[in-house]
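Reproduced below: model_4.tsv, with TSV, C-alpha atoms and all ligand atoms.
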chain	number	residue	atom	x	y	z
A	4	MET	CA	174.56	161.29	19.75
A	5	PHE	CA	172.87	163.40	17.07
A	6	PRO	CA	169.48	165.18	17.06
A	7	PHE	CA	166.43	163.14	16.05
A	8	ALA	CA	162.65	163.43	16.43
A	9	TYR	CA	160.73	161.02	18.68
A	10	SER	CA	157.04	160.08	18.46
A	11	LYS	CA	154.96	157.43	20.18
A	12	ALA	CA	152.47	155.55	18.01
A	13	ALA	CA	148.99	155.25	19.52
A	14	SER	CA	147.80	152.62	17.03
A	15	VAL	CA	149.26	150.27	14.45
A	16	GLN	CA	147.78	152.46	11.71
A	17	GLU	CA	149.51	155.52	13.17
A	18	ALA	CA	152.77	153.57	13.36
A	19	VAL	CA	152.56	152.41	9.75
A	20	ALA	CA	151.78	155.95	8.55
A	21	ALA	CA	154.83	157.27	10.46
A	22	GLY	CA	156.95	154.38	9.12
A	23	GLN	CA	155.84	155.21	5.59
A	24	ARG	CA	157.08	158.79	6.13
A	25	GLY	CA	160.53	157.36	6.95
A	26	GLY	CA	160.20	156.94	10.74
A	27	ARG	CA	162.31	154.20	12.30
A	28	TYR	CA	160.47	151.83	14.65
A	29	ILE	CA	161.81	151.27	18.13
A	30	ALA	CA	160.47	148.46	20.32
A	31	GLY	CA	162.68	147.38	23.26
A	32	GLY	CA	165.48	149.60	21.98
A	33	THR	CA	168.23	147.13	22.96
A	34	THR	CA	169.75	147.11	19.50
A	35	LEU	CA	168.70	150.37	17.89
A	36	VAL	CA	169.85	152.66	20.70
A	37	ASP	CA	173.33	151.07	20.68
A	38	LEU	CA	173.60	151.55	16.93
A	39	MET	CA	172.46	155.16	17.21
A	40	ARG	CA	174.97	155.88	19.99
A	41	GLU	CA	177.72	154.47	17.78
A	42	THR	CA	176.28	156.51	14.84
A	43	VAL	CA	176.08	153.34	12.77
A	44	GLU	CA	172.43	154.25	12.30
A	45	ARG	CA	171.22	157.84	12.12
A	46	PRO	CA	167.43	157.92	11.79
A	47	ASP	CA	165.80	161.36	11.57
A	48	THR	CA	162.70	160.13	13.38
A	49	VAL	CA	162.22	157.30	15.84
A	50	VAL	CA	158.69	155.90	16.20
A	51	ASP	CA	158.09	154.18	19.53
A	52	ILE	CA	155.85	151.14	18.95
A	53	GLY	CA	156.31	149.73	22.46
A	54	GLY	CA	152.73	150.50	23.54
A	55	LEU	CA	150.96	148.82	20.62
A	56	PRO	CA	148.69	145.81	21.25
A	57	LEU	CA	151.02	143.24	19.65
A	58	ARG	CA	151.96	141.41	22.83
A	59	GLU	CA	149.77	138.30	22.72
A	60	ILE	CA	150.71	134.65	22.21
A	61	THR	CA	147.69	132.93	20.68
A	62	PRO	CA	147.01	129.44	19.33
A	63	THR	CA	146.17	129.48	15.61
A	64	GLY	CA	143.45	126.87	16.04
A	65	ASN	CA	145.29	124.14	14.17
A	66	GLY	CA	148.08	123.51	16.66
A	67	GLY	CA	150.27	126.38	15.58
A	68	LEU	CA	151.09	129.54	17.52
A	69	ARG	CA	151.02	133.23	16.71
A	70	LEU	CA	153.60	135.24	18.62
A	71	GLY	CA	152.95	139.00	18.69
A	72	ALA	CA	155.89	141.09	17.48
A	73	LEU	CA	156.08	142.97	20.79
A	74	VAL	CA	156.12	139.87	23.01
A	75	ARG	CA	159.25	140.19	25.14
A	76	MET	CA	161.86	137.45	24.74
A	77	SER	CA	161.43	136.60	28.44
A	78	GLU	CA	157.64	136.38	28.08
A	79	ALA	CA	157.89	133.99	25.14
A	80	ALA	CA	160.50	131.90	27.00
A	81	ALA	CA	158.21	131.62	30.04
A	82	ASP	CA	155.06	130.85	28.06
A	83	GLN	CA	153.75	127.36	28.73
A	84	SER	CA	152.13	126.90	25.29
A	85	VAL	CA	155.45	127.70	23.59
A	86	ARG	CA	157.39	125.41	25.93
A	87	GLU	CA	154.99	122.49	25.42
A	88	ALA	CA	154.68	122.75	21.65
A	89	PHE	CA	158.09	124.09	20.61
A	90	PRO	CA	160.81	123.71	23.26
A	91	VAL	CA	163.32	124.59	20.53
A	92	ILE	CA	162.00	128.18	20.72
A	93	THR	CA	162.10	128.27	24.53
A	94	GLU	CA	165.67	126.96	24.60
A	95	ALA	CA	166.87	129.37	21.90
A	96	LEU	CA	165.43	132.29	23.87
A	97	GLU	CA	166.79	131.14	27.23
A	98	LEU	CA	170.27	130.89	25.72
A	99	SER	CA	170.08	134.42	24.24
A	100	ALA	CA	171.63	137.60	25.64
A	101	SER	CA	171.00	138.17	29.38
A	102	ALA	CA	167.92	138.11	31.61
A	103	GLN	CA	167.84	141.93	31.69
A	104	LEU	CA	168.02	142.19	27.90
A	105	ARG	CA	165.37	139.50	27.43
A	106	ASN	CA	163.02	141.50	29.67
A	107	MET	CA	163.25	144.47	27.29
A	108	ALA	CA	163.86	142.90	23.89
A	109	THR	CA	160.96	141.92	21.64
A	110	LEU	CA	160.61	139.07	19.16
A	111	GLY	CA	160.10	141.46	16.23
A	112	GLY	CA	163.21	143.42	17.23
A	113	ASN	CA	165.14	140.18	17.65
A	114	ILE	CA	164.66	138.98	14.09
A	115	MET	CA	165.39	142.53	12.85
A	116	GLN	CA	168.65	142.85	14.82
A	117	ARG	CA	171.72	143.66	12.77
A	118	THR	CA	174.97	141.77	12.43
A	119	ARG	CA	177.64	141.76	15.14
A	120	CYS	CA	180.42	142.05	12.51
A	121	THR	CA	182.86	144.37	14.28
A	122	TYR	CA	183.63	146.27	11.08
A	123	PHE	CA	179.93	147.04	10.62
A	124	ARG	CA	179.90	148.65	14.08
A	125	ASP	CA	183.19	150.51	13.54
A	126	VAL	CA	182.30	153.61	11.53
A	127	THR	CA	185.94	154.06	10.46
A	128	ALA	CA	186.02	150.63	8.70
A	129	ALA	CA	184.99	149.83	5.12
A	130	CYS	CA	181.62	148.10	5.17
A	131	ASN	CA	179.28	147.56	2.23
A	132	LYS	CA	176.38	146.89	4.57
A	133	ARG	CA	176.77	150.25	6.34
A	134	ILE	CA	177.92	152.27	3.32
A	135	PRO	CA	177.16	150.52	0.00
A	136	GLY	CA	180.20	150.46	-2.28
A	137	SER	CA	182.74	151.20	0.48
A	138	GLY	CA	184.22	147.68	0.54
A	139	CYS	CA	184.29	144.87	3.09
A	140	ALA	CA	187.00	145.00	5.76
A	141	ALA	CA	186.13	141.50	6.95
A	142	LEU	CA	187.12	139.72	3.72
A	143	ASP	CA	190.83	140.40	4.33
A	144	GLY	CA	190.49	141.15	8.02
A	145	VAL	CA	189.66	139.11	11.09
A	146	ASN	CA	186.81	136.88	9.95
A	147	ARG	CA	186.69	134.15	12.57
A	148	ASN	CA	183.05	134.88	13.43
A	149	HIS	CA	181.84	135.32	9.88
A	150	ALA	CA	179.73	133.20	7.57
A	151	ILE	CA	180.81	130.07	5.73
A	152	LEU	CA	177.46	129.80	3.94
A	153	GLY	CA	175.47	132.34	1.94
A	154	GLY	CA	178.17	135.00	1.68
A	155	SER	CA	178.89	137.11	-1.38
A	156	ASP	CA	181.91	139.07	-2.67
A	157	LEU	CA	180.44	142.08	-0.89
A	158	CYS	CA	179.53	140.76	2.58
A	159	VAL	CA	180.07	137.67	4.74
A	160	ALA	CA	178.41	138.77	7.97
A	161	THR	CA	176.32	136.31	9.97
A	162	HIS	CA	172.82	136.95	11.29
A	163	PRO	CA	173.20	136.88	15.08
A	164	SER	CA	169.74	135.86	16.32
A	165	ASP	CA	169.23	132.56	18.15
A	166	VAL	CA	165.45	132.35	18.04
A	167	ALA	CA	165.48	133.11	14.29
A	168	VAL	CA	167.27	129.77	13.82
A	169	ALA	CA	164.40	128.00	15.58
A	170	PHE	CA	161.89	129.97	13.47
A	171	ALA	CA	163.74	128.96	10.30
A	172	ALA	CA	163.81	125.29	11.31
A	173	LEU	CA	160.06	125.31	12.05
A	174	ASP	CA	159.20	127.03	8.73
A	175	ALA	CA	157.66	130.03	10.49
A	176	SER	CA	156.19	133.00	8.68
A	177	VAL	CA	156.14	136.72	9.40
A	178	HIS	CA	152.95	138.81	9.47
A	179	LEU	CA	153.42	142.32	8.12
A	180	LEU	CA	151.23	145.41	8.00
A	181	GLY	CA	151.88	148.26	5.59
A	182	VAL	CA	149.92	151.07	3.95
A	183	GLU	CA	148.77	148.57	1.32
A	184	GLY	CA	147.41	146.18	3.97
A	185	GLU	CA	148.48	142.91	5.57
A	186	ARG	CA	150.63	140.18	4.11
A	187	GLN	CA	152.41	137.06	5.30
A	188	VAL	CA	155.97	136.18	4.22
A	189	ALA	CA	157.66	132.81	4.72
A	190	PHE	CA	160.52	133.17	7.20
A	191	ALA	CA	162.82	131.67	4.57
A	192	ASP	CA	162.06	134.67	2.33
A	193	PHE	CA	162.05	137.33	5.05
A	194	LEU	CA	165.76	137.62	5.88
A	195	LEU	CA	167.82	138.25	2.76
A	196	PRO	CA	171.33	136.97	2.01
A	197	PRO	CA	173.71	139.82	1.06
A	198	GLY	CA	174.11	139.17	-2.69
A	199	ASP	CA	174.79	142.50	-4.43
A	200	THR	CA	172.85	144.52	-1.86
A	201	PRO	CA	174.13	143.70	1.64
A	202	ASP	CA	172.48	146.85	2.99
A	203	ARG	CA	169.05	145.32	2.20
A	204	GLU	CA	168.52	142.75	4.95
A	205	GLN	CA	164.79	142.02	5.06
A	206	ALA	CA	161.98	141.70	2.53
A	207	LEU	CA	160.16	144.64	4.10
A	208	ARG	CA	158.45	147.30	2.02
A	209	PRO	CA	158.92	150.92	3.16
A	210	GLY	CA	157.15	151.49	6.47
A	211	GLU	CA	156.00	147.89	6.94
A	212	LEU	CA	155.55	146.81	10.53
A	213	ILE	CA	156.03	143.25	11.77
A	214	THR	CA	152.87	142.37	13.68
A	215	ALA	CA	153.52	138.69	14.49
A	216	ILE	CA	155.54	135.57	13.83
A	217	GLU	CA	153.51	132.47	13.15
A	218	ILE	CA	154.66	128.93	13.83
A	219	PRO	CA	152.64	126.51	11.70
A	220	ALA	CA	151.10	123.36	13.13
A	221	GLN	CA	153.45	120.40	13.21
A	222	PRO	CA	152.72	116.70	13.41
A	223	ARG	CA	152.56	115.36	16.96
A	224	PRO	CA	154.48	114.25	18.89
A	225	LEU	CA	157.29	116.61	17.93
A	226	ARG	CA	160.55	116.52	19.86
A	227	SER	CA	162.72	119.58	19.48
A	228	GLY	CA	165.65	121.43	21.01
A	229	TYR	CA	168.37	124.04	20.47
A	230	LEU	CA	172.11	123.71	21.00
A	231	LYS	CA	174.33	126.79	21.15
A	232	VAL	CA	178.12	126.57	20.98
A	233	ARG	CA	179.93	129.76	21.99
A	234	ASP	CA	183.24	131.08	23.22
A	235	ARG	CA	181.96	131.51	26.77
A	236	GLN	CA	179.11	129.75	28.48
A	237	SER	CA	176.74	132.69	28.92
A	238	TYR	CA	175.96	136.16	27.57
A	239	GLU	CA	177.59	135.43	24.23
A	240	PHE	CA	176.45	135.14	20.64
A	241	ALA	CA	176.58	131.74	18.92
A	242	LEU	CA	179.71	130.54	17.23
A	243	ILE	CA	177.55	127.71	15.90
A	244	SER	CA	174.04	126.64	16.84
A	245	ALA	CA	171.61	123.94	15.76
A	246	ALA	CA	167.82	123.83	15.96
A	247	VAL	CA	166.33	120.37	15.48
A	248	ALA	CA	162.72	119.12	15.47
A	249	LEU	CA	161.77	115.50	14.76
A	250	HIS	CA	158.48	113.66	14.44
A	251	VAL	CA	158.98	109.93	14.84
A	252	GLU	CA	156.10	107.54	14.21
A	253	ARG	CA	156.29	103.79	14.73
A	254	GLY	CA	160.07	104.01	14.97
A	255	VAL	CA	160.53	105.93	11.70
A	256	ILE	CA	161.36	109.63	11.27
A	257	ARG	CA	158.44	111.12	9.35
A	258	VAL	CA	159.32	114.82	9.66
A	259	ALA	CA	162.73	116.42	10.24
A	260	LYS	CA	163.37	120.14	10.60
A	261	VAL	CA	166.94	121.31	11.00
A	262	ALA	CA	168.59	124.74	10.82
A	263	ALA	CA	171.92	126.18	11.93
A	264	GLY	CA	173.05	129.54	13.29
A	265	GLY	CA	176.43	131.28	13.34
A	266	VAL	CA	177.38	129.85	9.97
A	267	GLY	CA	175.15	131.60	7.44
A	268	THR	CA	174.45	135.14	6.39
A	269	VAL	CA	170.88	134.26	7.36
A	270	PRO	CA	169.63	131.47	9.67
A	271	TRP	CA	170.65	128.45	7.64
A	272	LYS	CA	168.10	125.76	6.85
A	273	LEU	CA	169.67	122.35	6.17
A	274	PRO	CA	167.41	120.59	3.62
A	275	ALA	CA	170.00	117.94	2.71
A	276	VAL	CA	170.21	116.90	6.36
A	277	GLU	CA	166.42	116.85	6.65
A	278	GLN	CA	166.05	114.69	3.53
A	279	ARG	CA	168.67	112.24	4.75
A	280	LEU	CA	166.70	111.74	7.99
A	281	VAL	CA	163.16	111.33	6.69
A	282	GLY	CA	162.03	107.71	6.29
A	283	GLN	CA	164.92	106.38	8.41
A	284	ARG	CA	165.06	104.80	11.84
A	285	PRO	CA	166.88	106.83	14.53
A	286	SER	CA	170.40	105.55	15.13
A	287	PRO	CA	173.83	106.99	15.91
A	288	ARG	CA	174.94	106.04	12.40
A	289	LEU	CA	172.05	107.99	10.89
A	290	TRP	CA	172.83	111.10	12.95
A	291	ALA	CA	176.45	110.98	11.78
A	292	SER	CA	175.62	110.44	8.10
A	293	ALA	CA	172.99	113.21	8.09
A	294	ALA	CA	175.24	115.68	9.96
A	295	ALA	CA	178.02	114.99	7.47
A	296	LEU	CA	175.87	116.89	4.91
A	297	ALA	CA	175.44	119.98	7.10
A	298	ALA	CA	178.32	121.98	5.66
A	299	ASP	CA	177.65	121.20	1.99
A	300	GLY	CA	178.54	124.24	-0.10
A	301	ALA	CA	180.51	125.90	2.70
A	302	LYS	CA	183.13	128.46	1.70
A	303	PRO	CA	185.32	129.08	4.73
A	304	LEU	CA	187.30	132.30	5.06
A	305	TYR	CA	190.89	132.66	6.28
A	306	HIS	CA	190.09	132.45	10.01
A	307	ASN	CA	186.95	130.33	10.21
A	308	GLY	CA	187.73	126.99	8.53
A	309	PHE	CA	187.10	125.35	11.91
A	310	LYS	CA	183.39	126.11	11.53
A	311	VAL	CA	182.99	123.40	8.86
A	312	GLU	CA	183.80	120.55	11.25
A	313	LEU	CA	182.22	122.27	14.25
A	314	LEU	CA	178.95	122.68	12.33
A	315	LYS	CA	178.80	118.96	11.52
A	316	ARG	CA	179.57	117.99	15.11
A	317	THR	CA	177.03	120.44	16.54
A	318	VAL	CA	174.28	119.14	14.26
A	319	GLU	CA	175.18	115.53	15.03
A	320	ARG	CA	175.15	116.12	18.75
A	321	GLN	CA	171.79	117.89	18.66
A	322	LEU	CA	170.26	115.14	16.49
A	323	ARG	CA	171.42	112.67	19.14
A	324	VAL	CA	169.98	114.79	21.98
A	325	VAL	CA	166.59	115.25	20.29
A	326	GLY	CA	166.32	111.93	18.46
A	327	GLY	CA	167.98	109.50	20.88
A	328	GLY	CA	168.38	106.27	18.96
A	329	ARG	CA	171.02	104.68	21.10
B	1	LIG	C1	174.95	142.62	24.88
B	1	LIG	C2	173.95	141.96	23.99
B	1	LIG	C3	173.95	140.58	23.86
B	1	LIG	C4	173.01	139.95	23.03
B	1	LIG	N1	173.03	138.59	22.90
B	1	LIG	C5	172.14	137.99	22.07
B	1	LIG	C6	172.13	136.58	21.89
B	1	LIG	O1	172.93	135.85	22.49
B	1	LIG	N2	171.21	136.05	21.05
B	1	LIG	C7	170.30	136.82	20.38
B	1	LIG	O2	169.47	136.28	19.64
B	1	LIG	N3	170.28	138.15	20.52
B	1	LIG	C8	171.17	138.75	21.34
B	1	LIG	N4	171.17	140.10	21.48
B	1	LIG	C9	170.29	140.89	20.65
B	1	LIG	C10	168.95	141.16	21.32
B	1	LIG	O3	168.23	139.96	21.38
B	1	LIG	C11	168.27	142.21	20.47
B	1	LIG	O4	168.92	143.43	20.78
B	1	LIG	C12	166.80	142.34	20.72
B	1	LIG	O5	166.13	141.14	20.48
B	1	LIG	C13	166.21	143.44	19.84
B	1	LIG	O6	164.87	143.63	20.22
B	1	LIG	P1	164.36	145.08	20.59
B	1	LIG	O7	162.89	144.98	20.82
B	1	LIG	O8	165.15	145.68	21.69
B	1	LIG	O9	164.66	145.82	19.22
B	1	LIG	P2	164.93	147.37	18.93
B	1	LIG	O10	166.30	147.74	19.30
B	1	LIG	O11	163.81	148.20	19.44
B	1	LIG	O12	164.81	147.34	17.33
B	1	LIG	C14	165.72	146.61	16.57
B	1	LIG	C15	165.41	146.79	15.10
B	1	LIG	O13	164.16	146.18	14.80
B	1	LIG	C16	163.27	147.12	14.21
B	1	LIG	N5	161.95	146.73	14.71
B	1	LIG	C17	161.65	146.43	16.01
B	1	LIG	N6	160.38	146.00	16.09
B	1	LIG	C18	159.88	146.03	14.81
B	1	LIG	C19	158.61	145.68	14.24
B	1	LIG	N7	157.60	145.22	14.99
B	1	LIG	N8	158.45	145.82	12.92
B	1	LIG	C20	159.48	146.27	12.14
B	1	LIG	N9	160.69	146.61	12.61
B	1	LIG	C21	160.88	146.48	13.94
B	1	LIG	C22	163.77	148.47	14.66
B	1	LIG	O14	163.42	149.49	13.74
B	1	LIG	C23	165.27	148.24	14.69
B	1	LIG	O15	165.81	148.37	13.40
B	1	LIG	C24	172.06	140.74	22.34
B	1	LIG	C25	172.05	142.13	22.48
B	1	LIG	C26	172.98	142.75	23.30
B	1	LIG	C27	172.95	144.25	23.43
B	2	LIG	S1	181.13	141.30	6.41
B	2	LIG	FE1	179.41	142.62	5.81
B	2	LIG	S2	178.97	143.73	7.68
B	2	LIG	FE2	181.06	142.95	7.89
B	2	LIG	S3	182.44	144.52	7.04
B	2	LIG	FE3	181.95	143.13	5.37
B	2	LIG	S4	180.21	144.17	4.40
B	2	LIG	FE4	180.35	145.01	6.45
Structure rendered as structure tokens:
Amino acid sequence: MFPFAYSKAASVQEAVAAGQRGGRYIAGGTTLVDLMRETVERPDTVVDIGGLPLREITPTGNGGLRLGALVRMSEAAADQSVREAFPVITEALELSASAQLRNMATLGGNIMQRTRCTYFRDVTAACNKRIPGSGCAALDGVNRNHAILGGSDLCVATHPSDVAVAFAALDASVHLLGVEGERQVAFADFLLPPGDTPDREQALRPGELITAIEIPAQPRPLRSGYLKVRDRQSYEFALISAAVALHVERGVIRVAKVAAGGVGTVPWKLPAVEQRLVGQRPSPRLWASAAALAADGAKPLYHNGFKVELLKRTVERQLRVVGGGR
């Protein structure tokens, strides 16, 4: 480890002021402390935000939900209002990490977590995300777990969060507080694909604090669920995952929300699949024809060509689970 300063924020304003001065927020610490131990990250100052009043789950008044940034993953998973309205969120959380980690880890920290690319975490490897301009060891290295969608010539790392895939599917937004005040950013614009600047991962301004994640109201009834495919059955990141939400009225799909994890450099929304579903009647043939569009635009790497077919099959299976239509 290396020397760093520690302070505990007594208010959100105090936190934002410390963040503006370059302080690094720490919430549950389940990601940041690991990265600091490995010297992948070397903040001069760590600002503990764990005691701030951002731990509520509140209805937005129109059928949506506002999830405080410091709500623990286990608290959100156990919350009845989340489970009733958006089981896709509950399932994504229950399939994440371990019970001990979920008791510490926060929702804000979860969407901010950094890639599990092994070269990113190996300080002896070339990595444009860790050291801009140093190269990308994954492009010619072992890239089985890397992205087939949204990569660039500089970085092909996936975003590892499960619940972020559910947030992307549901068109969530992120509430932010900075020295210039509050703002709300669509989830689709919050996590950034690597492009030419893989070291810039979120649309955060210096010192901005995530205060909440908002799930907008959805038409009712909404059936939803999350499927996670991984190398071992528990305590493992997703190889591929699919978040699906469907609103079916009088036998016709009126709203479809679909996103995939483990395949993109950010949680990957699947608009072509959604468009194929809307206006149609649920049926096994429809699930297959929609899922066939899931990997459109995919650019597999040397070791991960299998993800193209696995993505289609995962999406198809989860459409069948959520939508029925037998
Ligand atoms: C062994 C292991 C297995 C895991 N498996 C999974 C899994 O299967 N699925 C999954 O989704 N995740 C998994 N995770 C990741 C885990 O969910 C994250 O570590 C956790 O959610 C991070 O939350 P935290 O509160 O501990 O964040 P911290 O470590 O405190 O912070 C993480 C980052 O977020 C920033 N941050 C935190 N809160 C805020 C805020 N409010 N505003 C702005 N920035 C903020 C910090 O500055 C830091 O950069 C796993 C982690 C481990 C260690
Ligand atoms: S894929 Fe991205 S994170 Fe991994 S080594 Fe390449 S630049 Fe680094």
- Residues at most 8 Å from region 145-154 of chain A, counting only C-alpha atoms, excluding those fewer than 2 positions away in the same chain, as a PyMOL selection string? chain A and resi 120+141-143+156-161+196-198+242+265-269+271+300-307+310-311
- Among the residues A:Pro287, A:Gly66, A:Pro163, A:Pro209, the one that comes closest to ligand LIG 2 (chain B) [using all atoms listed in the file]: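 Answer, going by the shortest atom-to-atom distance: A:Pro163.
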- Nearest to Lys260 (chain A) by atom-to-atom distance, counting all atoms listed in the file, from A:Gln205, A:Ala291, A:Val318, A:Gly308: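 Using all atoms listed in the file, Lys260 (chain A) sits closest to A:Val318.
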- Task: Considering only C-alpha atoms and all ligand atoms, state which residue in the set A:Val177, A:Ala248, A:Val91, A:Ala129 is at the smallest distance from ligand LIG 2 (chain B).
- Result: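 Closest to ligand LIG 2 (chain B), using only C-alpha atoms and all ligand atoms: A:Ala129.
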- Message: Considering all atoms listed in the file, can you say which of A:Ala220, A:Ala20, A:Ala12, A:Ile114 comes closest to Gly54 (chain A)?
- Response: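 Ranked by minimum distance to Gly54 (chain A), first place goes to A:Ala12.
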- Note on the structure: With distances taken over all atoms listed in the file, the candidate from A:Ser164, A:Ser137, A:Ser99, A:Ser244 nearest ligand LIG 2 (chain B) is A:Ser137
- Task: Just give me the gap between CA of Arg226 (chain A) and CA of Asp174 (chain A) in Å, one decimal is fine.
- Result: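 Calculated distance between CA of Arg226 (chain A) and CA of Asp174 (chain A) is 15.4 Å.
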- Message: I'd like the interatomic distance between CA of Pro219 (chain A) and CA of Ala18 (chain A), to a tenth of an Å.
- Response: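 Spanning CA of Pro219 (chain A) to CA of Ala18 (chain A) is a straight-line distance of 27.1 Å.
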- Take the point (158.8, 131.2, 13.7) in the file's coordinates, draw a sphere of radius 12 Å around it, and report as a PyMOL selection string every protein, DNA or RNA residue with an atom inside or on it, counting all atoms listed in the file. chain A and resi 67-72+79+85+89+91-93+95+110-111+113-114+165-178+188-191+193+215-220+246+270
- Query: Counting only C-alpha atoms and all ligand atoms, which of A:Asp82, A:Glu239, A:Asp202, A:Glu87 gets nearest to ligand LIG 1 (chain B)?
  - Reply: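 Looking at the shortest contact to ligand LIG 1 (chain B), the residue is A:Glu239.
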- Message: Just want the 12 Å neighbourhood of Arg45 (chain A), counted on all atoms listed in the file, with same-chain residues fewer than 3 positions away dropped. Output as a ChimeraX atom specification.
- Response: /A:4-8,25-27,35-42,48-49,126,133
- Message: Residues within 12 Å of Ala294 (chain A), please, as a list in words. Count only C-alpha atoms; anything in the same chain fewer than 6 positions from it doesn't count.
- Response: Ala245, Val247, Val261, Ala262, Ala263, Leu273, Pro274, Ala275, Val276, Glu277, Gln278, Arg279, Leu280, Pro287, Arg288, Val311, Glu312, Leu313, Leu314, Lys315, Arg316, Thr317, Val318, Glu319, Arg320, Gln321, Leu322 and Arg323 of chain A
Include C-alpha atoms and write out the residues we just selected as a PDB file, in the coordinates of the input.
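Resulting contents of again_27.pdb:
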ATOM      1  CA  ALA A 245     171.610 123.940  15.760  1.00  0.00           C
ATOM      2  CA  VAL A 247     166.330 120.370  15.480  1.00  0.00           C
ATOM      3  CA  VAL A 261     166.940 121.310  11.000  1.00  0.00           C
ATOM      4  CA  ALA A 262     168.590 124.740  10.820  1.00  0.00           C
ATOM      5  CA  ALA A 263     171.920 126.180  11.930  1.00  0.00           C
ATOM      6  CA  LEU A 273     169.670 122.350   6.170  1.00  0.00           C
ATOM      7  CA  PRO A 274     167.410 120.590   3.620  1.00  0.00           C
ATOM      8  CA  ALA A 275     170.000 117.940   2.710  1.00  0.00           C
ATOM      9  CA  VAL A 276     170.210 116.900   6.360  1.00  0.00           C
ATOM     10  CA  GLU A 277     166.420 116.850   6.650  1.00  0.00           C
ATOM     11  CA  GLN A 278     166.050 114.690   3.530  1.00  0.00           C
ATOM     12  CA  ARG A 279     168.670 112.240   4.750  1.00  0.00           C
ATOM     13  CA  LEU A 280     166.700 111.740   7.990  1.00  0.00           C
ATOM     14  CA  PRO A 287     173.830 106.990  15.910  1.00  0.00           C
ATOM     15  CA  ARG A 288     174.940 106.040  12.400  1.00  0.00           C
ATOM     16  CA  VAL A 311     182.990 123.400   8.860  1.00  0.00           C
ATOM     17  CA  GLU A 312     183.800 120.550  11.250  1.00  0.00           C
ATOM     18  CA  LEU A 313     182.220 122.270  14.250  1.00  0.00           C
ATOM     19  CA  LEU A 314     178.950 122.680  12.330  1.00  0.00           C
ATOM     20  CA  LYS A 315     178.800 118.960  11.520  1.00  0.00           C
ATOM     21  CA  ARG A 316     179.570 117.990  15.110  1.00  0.00           C
ATOM     22  CA  THR A 317     177.030 120.440  16.540  1.00  0.00           C
ATOM     23  CA  VAL A 318     174.280 119.140  14.260  1.00  0.00           C
ATOM     24  CA  GLU A 319     175.180 115.530  15.030  1.00  0.00           C
ATOM     25  CA  ARG A 320     175.150 116.120  18.750  1.00  0.00           C
ATOM     26  CA  GLN A 321     171.790 117.890  18.660  1.00  0.00           C
ATOM     27  CA  LEU A 322     170.260 115.140  16.490  1.00  0.00           C
ATOM     28  CA  ARG A 323     171.420 112.670  19.140  1.00  0.00           C
TER      29      ARG A 323
END
- Message: Residues near Thr109 (chain A), anyone? I mean within 7 Å using all atoms listed in the file, not counting same-chain ones fewer than 4 positions away, as a ChimeraX atom specification.
- Response: /A:30-31,72-76,113
Could you write region 34-45 of chain A as a short mmCIF file (atom, residue, chain, number, x, y, z; two decimals), in the frame of the given file, with N, CA and C atoms rebuilt where they are missing?
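The result, stored in rebuild_8.cif:
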data_model
loop_
_atom_site.label_atom_id
_atom_site.label_comp_id
_atom_site.auth_asym_id
_atom_site.auth_seq_id
_atom_site.Cartn_x
_atom_site.Cartn_y
_atom_site.Cartn_z
N THR A 34 168.81 147.10 20.62
CA THR A 34 169.75 147.11 19.50
C THR A 34 169.85 148.51 18.89
N LEU A 35 168.70 149.10 18.63
CA LEU A 35 168.70 150.37 17.89
C LEU A 35 169.42 151.47 18.65
N VAL A 36 169.22 151.57 19.94
CA VAL A 36 169.85 152.66 20.70
C VAL A 36 171.38 152.52 20.66
N ASP A 37 171.88 151.30 20.80
CA ASP A 37 173.33 151.07 20.68
C ASP A 37 173.85 151.57 19.34
N LEU A 38 173.15 151.19 18.28
CA LEU A 38 173.60 151.55 16.93
C LEU A 38 173.54 153.06 16.71
N MET A 39 172.56 153.70 17.33
CA MET A 39 172.46 155.16 17.21
C MET A 39 173.59 155.83 18.00
N ARG A 40 173.86 155.30 19.18
CA ARG A 40 174.97 155.88 19.99
C ARG A 40 176.29 155.80 19.23
N GLU A 41 176.46 154.66 18.53
CA GLU A 41 177.72 154.47 17.78
C GLU A 41 177.68 155.17 16.42
N THR A 42 176.57 155.83 16.12
CA THR A 42 176.28 156.51 14.84
C THR A 42 176.37 155.57 13.63
N VAL A 43 176.20 154.29 13.88
CA VAL A 43 176.08 153.34 12.77
C VAL A 43 174.74 153.57 12.07
N GLU A 44 173.74 153.89 12.86
CA GLU A 44 172.43 154.25 12.30
C GLU A 44 172.10 155.66 12.75
N ARG A 45 171.53 156.45 11.82
CA ARG A 45 171.22 157.84 12.12
C ARG A 45 169.82 158.18 11.64
#
